[in-house]
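Q: Provided herewith: query.json, JSON, C-alpha atoms.
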[["chain", "number", "residue", "atom", "x", "y", "z"],
["A", 1, "MET", "CA", 59.01, 11.08, -140.60],
["A", 2, "PRO", "CA", 56.19, 13.68, -140.80],
["A", 3, "ALA", "CA", 53.09, 12.86, -142.83],
["A", 4, "PRO", "CA", 53.08, 14.32, -146.36],
["A", 5, "LEU", "CA", 51.17, 17.56, -146.85],
["A", 6, "TYR", "CA", 48.74, 18.22, -149.67],
["A", 7, "SER", "CA", 47.57, 21.56, -150.98],
["A", 8, "LEU", "CA", 44.26, 22.63, -152.42],
["A", 9, "THR", "CA", 44.60, 25.65, -154.74],
["A", 10, "ILE", "CA", 41.66, 27.59, -156.12],
["A", 11, "ASP", "CA", 42.18, 30.38, -158.66],
["A", 12, "VAL", "CA", 39.52, 33.07, -158.38],
["A", 13, "ARG", "CA", 38.84, 36.64, -159.40],
["A", 14, "ALA", "CA", 40.71, 38.99, -157.06],
["A", 15, "ARG", "CA", 37.50, 40.77, -156.03],
["A", 16, "ASP", "CA", 35.98, 37.43, -154.95],
["A", 17, "ALA", "CA", 38.95, 36.08, -152.99],
["A", 18, "GLU", "CA", 37.91, 37.35, -149.56],
["A", 19, "ALA", "CA", 34.29, 36.20, -149.88],
["A", 20, "LEU", "CA", 35.18, 32.74, -151.18],
["A", 21, "GLY", "CA", 37.93, 32.37, -148.60],
["A", 22, "GLY", "CA", 35.40, 33.13, -145.88],
["A", 23, "LEU", "CA", 33.00, 30.52, -147.23],
["A", 24, "LEU", "CA", 35.80, 27.94, -147.29],
["A", 25, "VAL", "CA", 36.48, 28.67, -143.62],
["A", 26, "GLU", "CA", 32.76, 28.26, -142.95],
["A", 27, "LEU", "CA", 32.89, 24.89, -144.72],
["A", 28, "GLY", "CA", 35.74, 23.69, -142.50],
["A", 29, "ALA", "CA", 38.91, 24.76, -144.32],
["A", 30, "GLY", "CA", 40.51, 26.25, -141.22],
["A", 31, "ALA", "CA", 43.28, 28.60, -142.38],
["A", 32, "VAL", "CA", 43.02, 29.83, -145.97],
["A", 33, "GLU", "CA", 46.02, 31.55, -147.51],
["A", 34, "GLU", "CA", 45.47, 34.18, -150.21],
["A", 35, "ARG", "CA", 48.21, 34.82, -152.74],
["A", 36, "PRO", "CA", 48.31, 37.31, -155.63],
["A", 37, "PHE", "CA", 48.16, 35.46, -158.97],
["A", 38, "GLY", "CA", 48.53, 37.91, -161.84],
["A", 39, "ARG", "CA", 45.25, 39.80, -162.06],
["A", 40, "ARG", "CA", 43.55, 37.06, -160.10],
["A", 41, "ALA", "CA", 44.03, 35.56, -156.65],
["A", 42, "ARG", "CA", 44.95, 32.07, -155.52],
["A", 43, "LEU", "CA", 43.47, 30.54, -152.37],
["A", 44, "VAL", "CA", 45.50, 27.75, -150.74],
["A", 45, "VAL", "CA", 44.50, 25.25, -148.05],
["A", 46, "TYR", "CA", 46.91, 22.65, -146.60],
["A", 47, "ARG", "CA", 46.08, 19.26, -145.10],
["A", 48, "GLU", "CA", 48.02, 16.11, -144.25],
["A", 49, "GLY", "CA", 45.57, 13.95, -146.21],
["A", 50, "ARG", "CA", 44.26, 14.25, -149.75],
["A", 51, "GLY", "CA", 40.89, 12.91, -148.61],
["A", 52, "GLU", "CA", 40.18, 15.91, -146.36],
["A", 53, "LEU", "CA", 40.77, 18.30, -149.23],
["A", 54, "SER", "CA", 38.61, 16.24, -151.60],
["A", 55, "ALA", "CA", 35.79, 16.35, -149.06],
["A", 56, "LEU", "CA", 36.20, 20.13, -148.74],
["A", 57, "VAL", "CA", 35.98, 20.54, -152.53],
["A", 58, "ALA", "CA", 32.82, 18.40, -152.58],
["A", 59, "ARG", "CA", 31.21, 20.64, -149.94],
["A", 60, "ALA", "CA", 32.24, 23.77, -151.82],
["A", 61, "ARG", "CA", 31.10, 22.80, -155.33],
["A", 62, "SER", "CA", 27.70, 24.37, -154.80],
["A", 63, "VAL", "CA", 29.28, 27.81, -154.29],
["A", 64, "PHE", "CA", 31.94, 27.65, -157.01],
["A", 65, "ASP", "CA", 29.52, 28.58, -159.79],
["A", 66, "GLY", "CA", 28.63, 31.82, -158.04],
["A", 67, "PHE", "CA", 32.28, 32.84, -158.18],
["A", 68, "ALA", "CA", 32.90, 31.65, -161.74],
["A", 69, "VAL", "CA", 35.35, 29.00, -160.50],
["A", 70, "THR", "CA", 35.86, 26.39, -163.22],
["A", 71, "PRO", "CA", 36.96, 22.78, -162.55],
["A", 72, "SER", "CA", 40.38, 23.52, -164.05],
["A", 73, "ALA", "CA", 40.89, 26.28, -161.44],
["A", 74, "VAL", "CA", 40.68, 23.76, -158.57],
["A", 75, "ARG", "CA", 43.65, 21.48, -157.93],
["A", 76, "ILE", "CA", 44.78, 19.09, -155.19],
["A", 77, "GLU", "CA", 48.42, 18.05, -155.23],
["A", 78, "ARG", "CA", 51.19, 16.97, -152.95],
["A", 79, "ALA", "CA", 52.98, 19.96, -151.45],
["A", 80, "PRO", "CA", 56.79, 20.01, -151.54],
["A", 81, "VAL", "CA", 58.34, 20.17, -148.07],
["A", 82, "PHE", "CA", 59.39, 23.78, -148.58],
["A", 83, "ASP", "CA", 56.09, 24.90, -150.05],
["A", 84, "TRP", "CA", 53.83, 24.92, -146.99],
["A", 85, "GLN", "CA", 56.40, 26.71, -144.86],
["A", 86, "ALA", "CA", 57.15, 29.33, -147.49],
["A", 87, "GLY", "CA", 53.49, 29.85, -148.21],
["A", 88, "PHE", "CA", 52.56, 30.75, -144.66],
["A", 89, "THR", "CA", 55.65, 32.82, -143.94],
["A", 90, "SER", "CA", 56.59, 34.63, -147.15],
["A", 91, "GLN", "CA", 53.95, 37.32, -146.56],
["A", 92, "LEU", "CA", 54.94, 38.02, -142.96],
["A", 93, "ARG", "CA", 55.61, 41.75, -142.93],
["A", 94, "SER", "CA", 55.57, 44.78, -140.68],
["A", 95, "GLN", "CA", 51.99, 45.89, -140.10],
["A", 96, "ARG", "CA", 49.75, 47.70, -137.65],
["A", 97, "LEU", "CA", 47.78, 45.46, -135.27],
["A", 98, "THR", "CA", 46.23, 48.01, -132.89],
["A", 99, "ARG", "CA", 46.78, 51.73, -132.35],
["A", 100, "ARG", "CA", 49.60, 50.93, -129.91],
["A", 101, "LEU", "CA", 51.04, 47.73, -131.26],
["A", 102, "ARG", "CA", 52.47, 46.58, -134.55],
["A", 103, "ILE", "CA", 53.89, 43.29, -135.79],
["A", 104, "GLU", "CA", 57.36, 43.03, -137.24],
["A", 105, "PRO", "CA", 59.02, 39.90, -138.65],
["A", 106, "LEU", "CA", 61.99, 38.79, -136.60],
["A", 107, "SER", "CA", 65.02, 39.06, -138.85],
["A", 108, "THR", "CA", 67.54, 37.61, -136.40],
["A", 109, "PRO", "CA", 67.21, 35.85, -133.02],
["A", 110, "ALA", "CA", 69.23, 38.67, -131.46],
["A", 111, "ALA", "CA", 66.97, 41.47, -132.72],
["A", 112, "PRO", "CA", 66.21, 43.83, -129.80],
["A", 113, "ARG", "CA", 62.68, 44.20, -128.48],
["A", 114, "LYS", "CA", 61.15, 47.55, -129.34],
["A", 115, "SER", "CA", 58.42, 49.41, -127.52],
["A", 116, "GLY", "CA", 55.06, 48.88, -129.19],
["A", 117, "VAL", "CA", 56.36, 46.02, -131.36],
["A", 118, "ILE", "CA", 55.54, 42.32, -131.29],
["A", 119, "SER", "CA", 58.22, 40.35, -133.12],
["A", 120, "LEU", "CA", 57.16, 37.16, -134.90],
["A", 121, "ARG", "CA", 59.43, 34.55, -136.43],
["A", 122, "PRO", "CA", 58.40, 32.71, -139.60],
["A", 123, "GLY", "CA", 56.58, 29.51, -138.84],
["A", 124, "PHE", "CA", 53.57, 27.36, -139.72],
["A", 125, "ALA", "CA", 51.17, 29.06, -137.33],
["A", 126, "PHE", "CA", 48.04, 31.16, -137.71],
["A", 127, "GLY", "CA", 48.18, 34.70, -136.37],
["A", 128, "ASP", "CA", 50.44, 36.99, -138.35],
["A", 129, "GLY", "CA", 48.11, 39.99, -137.93],
["A", 130, "ASN", "CA", 46.98, 39.92, -141.54],
["A", 131, "HIS", "CA", 43.55, 38.40, -140.88],
["A", 132, "PRO", "CA", 40.59, 40.53, -139.72],
["A", 133, "THR", "CA", 39.79, 38.21, -136.81],
["A", 134, "THR", "CA", 43.30, 38.63, -135.40],
["A", 135, "ARG", "CA", 42.94, 42.41, -135.50],
["A", 136, "LEU", "CA", 39.43, 42.29, -134.01],
["A", 137, "ALA", "CA", 40.65, 40.12, -131.14],
["A", 138, "ALA", "CA", 43.80, 42.18, -130.59],
["A", 139, "ARG", "CA", 41.84, 45.42, -130.26],
["A", 140, "ALA", "CA", 39.31, 43.87, -127.88],
["A", 141, "LEU", "CA", 42.05, 42.36, -125.70],
["A", 142, "GLU", "CA", 44.01, 45.60, -125.63],
["A", 143, "ARG", "CA", 40.95, 47.56, -124.45],
["A", 144, "ALA", "CA", 40.12, 45.02, -121.75],
["A", 145, "CYS", "CA", 43.64, 44.76, -120.37],
["A", 146, "GLN", "CA", 44.31, 48.50, -120.43],
["A", 147, "ARG", "CA", 40.98, 49.25, -118.78],
["A", 148, "GLU", "CA", 41.83, 47.00, -115.84],
["A", 149, "PRO", "CA", 45.54, 46.13, -115.47],
["A", 150, "GLY", "CA", 46.44, 42.84, -113.81],
["A", 151, "LEU", "CA", 43.89, 40.61, -115.56],
["A", 152, "ARG", "CA", 44.54, 36.90, -116.08],
["A", 153, "VAL", "CA", 43.95, 35.90, -119.69],
["A", 154, "LEU", "CA", 43.35, 32.58, -121.46],
["A", 155, "ASP", "CA", 44.01, 32.54, -125.23],
["A", 156, "VAL", "CA", 42.33, 29.50, -126.85],
["A", 157, "GLY", "CA", 43.82, 28.63, -130.25],
["A", 158, "ALA", "CA", 46.95, 30.67, -129.68],
["A", 159, "GLY", "CA", 48.64, 29.96, -133.02],
["A", 160, "SER", "CA", 51.77, 32.09, -133.26],
["A", 161, "GLY", "CA", 50.98, 33.53, -129.81],
["A", 162, "VAL", "CA", 50.27, 37.02, -131.07],
["A", 163, "LEU", "CA", 47.08, 37.56, -129.03],
["A", 164, "SER", "CA", 48.77, 36.28, -125.89],
["A", 165, "PHE", "CA", 51.51, 38.84, -126.45],
["A", 166, "VAL", "CA", 48.95, 41.62, -127.00],
["A", 167, "ALA", "CA", 47.44, 40.80, -123.60],
["A", 168, "ALA", "CA", 50.85, 40.73, -121.93],
["A", 169, "ARG", "CA", 51.91, 44.02, -123.50],
["A", 170, "SER", "CA", 48.61, 45.65, -122.52],
["A", 171, "GLY", "CA", 48.78, 45.03, -118.77],
["A", 172, "ALA", "CA", 47.77, 41.41, -118.12],
["A", 173, "SER", "CA", 49.44, 39.85, -115.08],
["A", 174, "ALA", "CA", 49.40, 36.26, -116.41],
["A", 175, "VAL", "CA", 48.56, 34.74, -119.81],
["A", 176, "VAL", "CA", 48.01, 31.11, -120.79],
["A", 177, "GLY", "CA", 47.91, 30.25, -124.50],
["A", 178, "LEU", "CA", 46.40, 26.92, -125.62],
["A", 179, "GLU", "CA", 47.48, 25.47, -128.96],
["A", 180, "ILE", "CA", 47.05, 21.81, -130.00],
["A", 181, "ASP", "CA", 49.22, 21.95, -133.13],
["A", 182, "ALA", "CA", 52.76, 20.89, -132.21],
["A", 183, "ALA", "CA", 54.47, 23.02, -134.88],
["A", 184, "ALA", "CA", 52.51, 26.13, -133.93],
["A", 185, "LEU", "CA", 53.15, 25.49, -130.23],
["A", 186, "GLU", "CA", 56.90, 25.41, -130.83],
["A", 187, "VAL", "CA", 56.73, 28.66, -132.81],
["A", 188, "ALA", "CA", 54.65, 30.36, -130.08],
["A", 189, "ARG", "CA", 57.14, 29.40, -127.36],
["A", 190, "LYS", "CA", 60.04, 30.71, -129.43],
["A", 191, "ASN", "CA", 58.14, 33.93, -130.07],
["A", 192, "ALA", "CA", 57.59, 34.32, -126.31],
["A", 193, "ARG", "CA", 61.33, 34.09, -125.71],
["A", 194, "ASP", "CA", 62.11, 36.47, -128.56],
["A", 195, "ASN", "CA", 59.70, 39.04, -127.12],
["A", 196, "GLU", "CA", 61.06, 38.56, -123.57],
["A", 197, "LEU", "CA", 57.65, 37.39, -122.37],
["A", 198, "ALA", "CA", 58.40, 33.75, -121.52],
["A", 199, "GLY", "CA", 57.89, 34.36, -117.82],
["A", 200, "LEU", "CA", 54.57, 36.11, -118.25],
["A", 201, "VAL", "CA", 53.08, 34.03, -121.09],
["A", 202, "VAL", "CA", 52.87, 30.22, -120.85],
["A", 203, "PHE", "CA", 51.78, 28.01, -123.76],
["A", 204, "ARG", "CA", 50.13, 24.62, -123.30],
["A", 205, "ALA", "CA", 49.07, 21.88, -125.68],
["A", 206, "ARG", "CA", 45.67, 21.23, -124.03],
["A", 207, "PHE", "CA", 43.18, 22.55, -121.54],
["A", 208, "PRO", "CA", 44.25, 22.01, -117.91],
["A", 209, "ALA", "CA", 42.92, 18.79, -116.40],
["A", 210, "ARG", "CA", 41.08, 21.03, -113.96],
["A", 211, "VAL", "CA", 40.08, 24.54, -114.85],
["A", 212, "PRO", "CA", 41.84, 26.87, -112.40],
["A", 213, "ARG", "CA", 39.39, 27.96, -109.70],
["A", 214, "ALA", "CA", 41.66, 30.07, -107.60],
["A", 215, "PRO", "CA", 41.77, 32.61, -109.02],
["A", 216, "GLY", "CA", 40.69, 31.44, -112.53],
["A", 217, "PHE", "CA", 40.72, 33.60, -115.65],
["A", 218, "ASP", "CA", 39.36, 37.13, -115.93],
["A", 219, "VAL", "CA", 39.27, 37.21, -119.74],
["A", 220, "VAL", "CA", 39.00, 34.29, -122.17],
["A", 221, "ILE", "CA", 39.60, 34.86, -125.89],
["A", 222, "ALA", "CA", 38.93, 32.16, -128.51],
["A", 223, "ASN", "CA", 39.83, 32.77, -132.15],
["A", 224, "LEU", "CA", 38.92, 29.47, -133.83],
["A", 225, "GLU", "CA", 37.35, 28.39, -137.08],
["A", 226, "PRO", "CA", 33.59, 27.88, -136.61],
["A", 227, "ARG", "CA", 33.44, 24.09, -136.30],
["A", 228, "ALA", "CA", 36.22, 24.02, -133.71],
["A", 229, "LEU", "CA", 34.69, 26.96, -131.83],
["A", 230, "LEU", "CA", 31.32, 25.23, -131.50],
["A", 231, "ALA", "CA", 32.88, 21.88, -130.63],
["A", 232, "GLU", "CA", 35.04, 23.43, -127.89],
["A", 233, "ALA", "CA", 32.29, 25.70, -126.53],
["A", 234, "PRO", "CA", 31.64, 23.62, -123.37],
["A", 235, "ARG", "CA", 35.33, 23.59, -122.38],
["A", 236, "ILE", "CA", 35.71, 27.26, -123.25],
["A", 237, "ALA", "CA", 32.69, 28.00, -121.07],
["A", 238, "ARG", "CA", 34.16, 26.06, -118.14],
["A", 239, "ALA", "CA", 37.42, 27.95, -118.48],
["A", 240, "ALA", "CA", 35.47, 31.23, -118.47],
["A", 241, "GLU", "CA", 33.28, 30.35, -115.49],
["A", 242, "ARG", "CA", 34.83, 33.18, -113.41],
["A", 243, "ALA", "CA", 35.65, 35.50, -116.29],
["A", 244, "THR", "CA", 34.11, 38.93, -116.59],
["A", 245, "SER", "CA", 34.61, 38.83, -120.36],
["A", 246, "LEU", "CA", 34.49, 36.06, -122.98],
["A", 247, "LEU", "CA", 35.57, 37.09, -126.49],
["A", 248, "VAL", "CA", 34.95, 34.77, -129.44],
["A", 249, "THR", "CA", 35.84, 35.27, -133.11],
["A", 250, "GLY", "CA", 36.96, 33.34, -136.19],
["A", 251, "PHE", "CA", 33.60, 33.31, -137.98],
["A", 252, "LEU", "CA", 31.63, 35.33, -140.52],
["A", 253, "VAL", "CA", 28.83, 37.79, -139.81],
["A", 254, "SER", "CA", 26.41, 35.30, -141.37],
["A", 255, "GLN", "CA", 27.27, 32.80, -138.63],
["A", 256, "GLU", "CA", 26.50, 35.14, -135.72],
["A", 257, "GLN", "CA", 23.23, 33.53, -134.65],
["A", 258, "THR", "CA", 24.66, 30.01, -134.48],
["A", 259, "VAL", "CA", 27.66, 31.09, -132.40],
["A", 260, "ARG", "CA", 25.68, 33.44, -130.17],
["A", 261, "GLU", "CA", 23.04, 30.85, -129.35],
["A", 262, "CYS", "CA", 25.71, 28.24, -128.63],
["A", 263, "PHE", "CA", 27.35, 30.38, -125.94],
["A", 264, "GLU", "CA", 24.03, 31.60, -124.58],
["A", 265, "ARG", "CA", 23.19, 27.95, -123.90],
["A", 266, "GLU", "CA", 26.45, 27.76, -121.95],
["A", 267, "GLY", "CA", 25.26, 30.54, -119.62],
["A", 268, "PHE", "CA", 26.64, 33.70, -121.26],
["A", 269, "ALA", "CA", 24.90, 36.88, -122.36],
["A", 270, "LEU", "CA", 25.92, 38.96, -125.37],
["A", 271, "SER", "CA", 27.40, 42.30, -124.31],
["A", 272, "GLY", "CA", 28.83, 43.66, -127.56],
["A", 273, "LYS", "CA", 30.08, 42.95, -131.05],
["A", 274, "SER", "CA", 32.53, 44.33, -133.60],
["A", 275, "ARG", "CA", 33.14, 43.48, -137.24],
["A", 276, "GLU", "CA", 35.71, 43.91, -139.97],
["A", 277, "LYS", "CA", 35.42, 42.92, -143.64],
["A", 278, "GLY", "CA", 32.59, 40.49, -143.04],
["A", 279, "TRP", "CA", 34.18, 38.86, -139.97],
["A", 280, "LEU", "CA", 32.76, 39.19, -136.47],
["A", 281, "LEU", "CA", 33.81, 39.23, -132.81],
["A", 282, "LEU", "CA", 31.25, 38.70, -130.08],
["A", 283, "SER", "CA", 31.75, 39.79, -126.46],
["A", 284, "PHE", "CA", 29.93, 37.93, -123.68],
["A", 285, "GLY", "CA", 29.45, 38.29, -119.95],
["A", 286, "LYS", "CA", 27.93, 35.82, -117.52],
["A", 287, "SER", "CA", 24.16, 35.52, -117.74],
["A", 288, "ARG", "CA", 22.33, 36.85, -114.70],
["A", 289, "GLY", "CA", 20.28, 33.68, -114.70],
["A", 290, "ARG", "CA", 23.40, 31.59, -114.04],
["A", 291, "ARG", "CA", 25.28, 33.68, -111.52],
["A", 292, "ASN", "CA", 28.48, 32.06, -110.33],
["A", 293, "LEU", "CA", 28.00, 31.38, -106.61],
["A", 294, "LEU", "CA", 31.65, 30.45, -106.11],
["A", 295, "TRP", "CA", 32.52, 33.96, -107.22],
["A", 296, "SER", "CA", 30.28, 35.50, -104.56],
["A", 297, "VAL", "CA", 31.88, 33.51, -101.76],
["A", 298, "SER", "CA", 35.46, 33.94, -102.88],
["A", 299, "PRO", "CA", 36.01, 37.28, -104.64],
["A", 300, "ARG", "CA", 39.16, 37.58, -106.72],
["A", 301, "ARG", "CA", 41.96, 39.90, -105.77],
["A", 302, "ARG", "CA", 43.83, 42.26, -108.00],
["A", 303, "SER", "CA", 47.52, 41.78, -108.48],
["A", 304, "ASP", "CA", 48.04, 44.74, -106.10],
["A", 305, "GLY", "CA", 46.22, 42.85, -103.32],
["A", 306, "ARG", "CA", 42.95, 44.81, -103.27],
["A", 307, "GLN", "CA", 39.68, 42.93, -103.47],
["A", 308, "ARG", "CA", 37.51, 43.34, -106.52],
["A", 309, "SER", "CA", 33.78, 42.86, -106.13],
["A", 310, "GLN", "CA", 31.60, 41.12, -108.68],
["A", 311, "ARG", "CA", 30.29, 43.32, -111.49]]
Now, as a test, write the supplied structure out as structure tokens.
A:
Amino acid sequence: MPAPLYSLTIDVRARDAEALGGLLVELGAGAVEERPFGRRARLVVYREGRGELSALVARARSVFDGFAVTPSAVRIERAPVFDWQAGFTSQLRSQRLTRRLRIEPLSTPAAPRKSGVISLRPGFAFGDGNHPTTRLAARALERACQREPGLRVLDVGAGSGVLSFVAARSGASAVVGLEIDAAALEVARKNARDNELAGLVVFRARFPARVPRAPGFDVVIANLEPRALLAEAPRIARAAERATSLLVTGFLVSQEQTVRECFEREGFALSGKSREKGWLLLSFGKSRGRRNLLWSVSPRRRSDGRQRSQR
């Protein structure tokens, strides 16, 4: 029997919802759902234990006053079985993800695949296209894969699989999505079948025991909440040891220095950045000071068989 879920709800002024939601993510909330609540907004966070939510509230008390959040506006309660599923799926709707691609909810398993459409089924998984970091990552992946077709992509924190599908639909030759949450992993695999991408996109529950070295990944994308991103940085870096591009997002603009310095210590150099509504995506390449010698000896080959020299 699955562990009971608990919900933390915080009622806040509508104009403050995005800012407070971002701070909750920074404090370790992970996914924060925003719901309309009359003229106000309601932020919801789910956890399997009440203690985790209590600890989150304790960390956030210092910022509540700045948003006029009163004690009565903060509640922790057991979530009915239907509540957490409905909460994360009721707002799944058709929406633009990039200039080429849009997300549409899958109404029936037999719904036909349309050009320029990624179909998603309801499920407890992050990545419905409604969050700025998903859009930032989708646009960056689309540009990279269209610029050089045939790339091999690793999607860390795949969630619903939407970014993996963006890569596949934009010209990638192989995509691996990593997702540790069992429920999200099941949803991602079903979404791959629904989008007729199961042969091109493979989802795994953990990093490979050995990072692939022949040929390795060309692009690594990680859309994770800040604490997870920093904790996984060494393994992400190993996975990206042969990559020409490492894309990281899931954090606020105010957290740029911490994230940038973390990946610079892992041997990467900042090559670009993009932002949306206070959220940031950083693009990295390999630092010249830590040139990958394996790369020089064994250059990768394109999917069409031609060699590609190091950039």
Q: Work out how far apart atom CA of A:Gln255 and atom CA of A:Leu185 are and give it in Å to one decimal.
A: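 Between atom CA of A:Gln255 and atom CA of A:Leu185 the gap works out to 28.2 Å.
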Q: Just how far from atom CA of A:His131 is atom CA of A:Asp11, in Å to one decimal?
A: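 Between these atoms lies a distance of 19.6 Å.
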Q: Counting only C-alpha atoms, what is within 10 Å of stretch 277-288 of chain A, bar same-chain residues fewer than 3 positions away, as an NGL selection string?
A: :A and (18-19 or 22 or 131-134 or 136-137 or 140 or 219-223 or 237 or 240-256 or 259-260 or 263-274 or 291-292 or 311)
Q: Tell me, as an MDAnalysis selection string, which residues lie within 10 Å of stretch 40-51 of chain A, counting all atoms listed in the file; anything in the same chain fewer than 6 positions away does not count.
A: chainID A and resid 2:18 20:21 24:25 29:34 57 73:79 84 87:88
Q: Would you please work out which residue, of A:Cys145, A:Glu225, A:Asp194, A:Leu23, is nearest to A:Phe64 when using all atoms listed in the file?
A: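 Once distances to A:Phe64 are computed over all atoms listed in the file, the minimum belongs to A:Leu23.
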Q: (57.9, 34.3, -123.3) in this file's frame - what residues fall within 12 Å of it? Use only C-alpha atoms and give the answer as an mmCIF file with C-alpha atoms, in the frame of the given file.
A:
data_model
loop_
_atom_site.group_PDB
_atom_site.id
_atom_site.type_symbol
_atom_site.label_atom_id
_atom_site.label_comp_id
_atom_site.auth_asym_id
_atom_site.auth_seq_id
_atom_site.Cartn_x
_atom_site.Cartn_y
_atom_site.Cartn_z
ATOM 1 C CA ILE A 118 55.540 42.320 -131.290
ATOM 2 C CA SER A 119 58.220 40.350 -133.120
ATOM 3 C CA LEU A 120 57.160 37.160 -134.900
ATOM 4 C CA SER A 160 51.770 32.090 -133.260
ATOM 5 C CA GLY A 161 50.980 33.530 -129.810
ATOM 6 C CA VAL A 162 50.270 37.020 -131.070
ATOM 7 C CA SER A 164 48.770 36.280 -125.890
ATOM 8 C CA PHE A 165 51.510 38.840 -126.450
ATOM 9 C CA ALA A 168 50.850 40.730 -121.930
ATOM 10 C CA ARG A 169 51.910 44.020 -123.500
ATOM 11 C CA ALA A 174 49.400 36.260 -116.410
ATOM 12 C CA VAL A 175 48.560 34.740 -119.810
ATOM 13 C CA VAL A 176 48.010 31.110 -120.790
ATOM 14 C CA GLY A 177 47.910 30.250 -124.500
ATOM 15 C CA GLU A 186 56.900 25.410 -130.830
ATOM 16 C CA VAL A 187 56.730 28.660 -132.810
ATOM 17 C CA ALA A 188 54.650 30.360 -130.080
ATOM 18 C CA ARG A 189 57.140 29.400 -127.360
ATOM 19 C CA LYS A 190 60.040 30.710 -129.430
ATOM 20 C CA ASN A 191 58.140 33.930 -130.070
ATOM 21 C CA ALA A 192 57.590 34.320 -126.310
ATOM 22 C CA ARG A 193 61.330 34.090 -125.710
ATOM 23 C CA ASP A 194 62.110 36.470 -128.560
ATOM 24 C CA ASN A 195 59.700 39.040 -127.120
ATOM 25 C CA GLU A 196 61.060 38.560 -123.570
ATOM 26 C CA LEU A 197 57.650 37.390 -122.370
ATOM 27 C CA ALA A 198 58.400 33.750 -121.520
ATOM 28 C CA GLY A 199 57.890 34.360 -117.820
ATOM 29 C CA LEU A 200 54.570 36.110 -118.250
ATOM 30 C CA VAL A 201 53.080 34.030 -121.090
ATOM 31 C CA VAL A 202 52.870 30.220 -120.850
ATOM 32 C CA PHE A 203 51.780 28.010 -123.760
#
Q: With distances taken over all atoms listed in the file, which residue among A:Ala58, A:Ala172, A:Val166, A:Ala182 lies nearest A:Glu148?
A: A:Ala172
Q: Quick one: distance from atom CA of A:Ala205 to atom CA of A:Arg121 in Å, one decimal?
A: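 Separating atom CA of A:Ala205 from atom CA of A:Arg121 is a distance of 19.6 Å.
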Q: For stretch 20-39 of chain A, take all atoms listed in the file, fit an axis-aligned box around them, add 6 Å to each of the six sides, then output centre and edge lengths in Å rounded to one decimal, as lines of an AutoDock Vina configuration file.
A:
center_x = 40.6
center_y = 31.7
center_z = -151.6
size_x = 27.8
size_y = 28.1
size_z = 32.8
Q: Using only C-alpha atoms, which of A:Arg147, A:Arg100, A:Arg275, A:Arg93 sits nearest A:Ser115?
A: A:Arg100
Q: I need the residue nearest A:Gly129 from this list: A:Arg102, A:Arg152, A:Arg143, A:Arg238. Use all atoms listed in the file for the distance.
A: A:Arg102
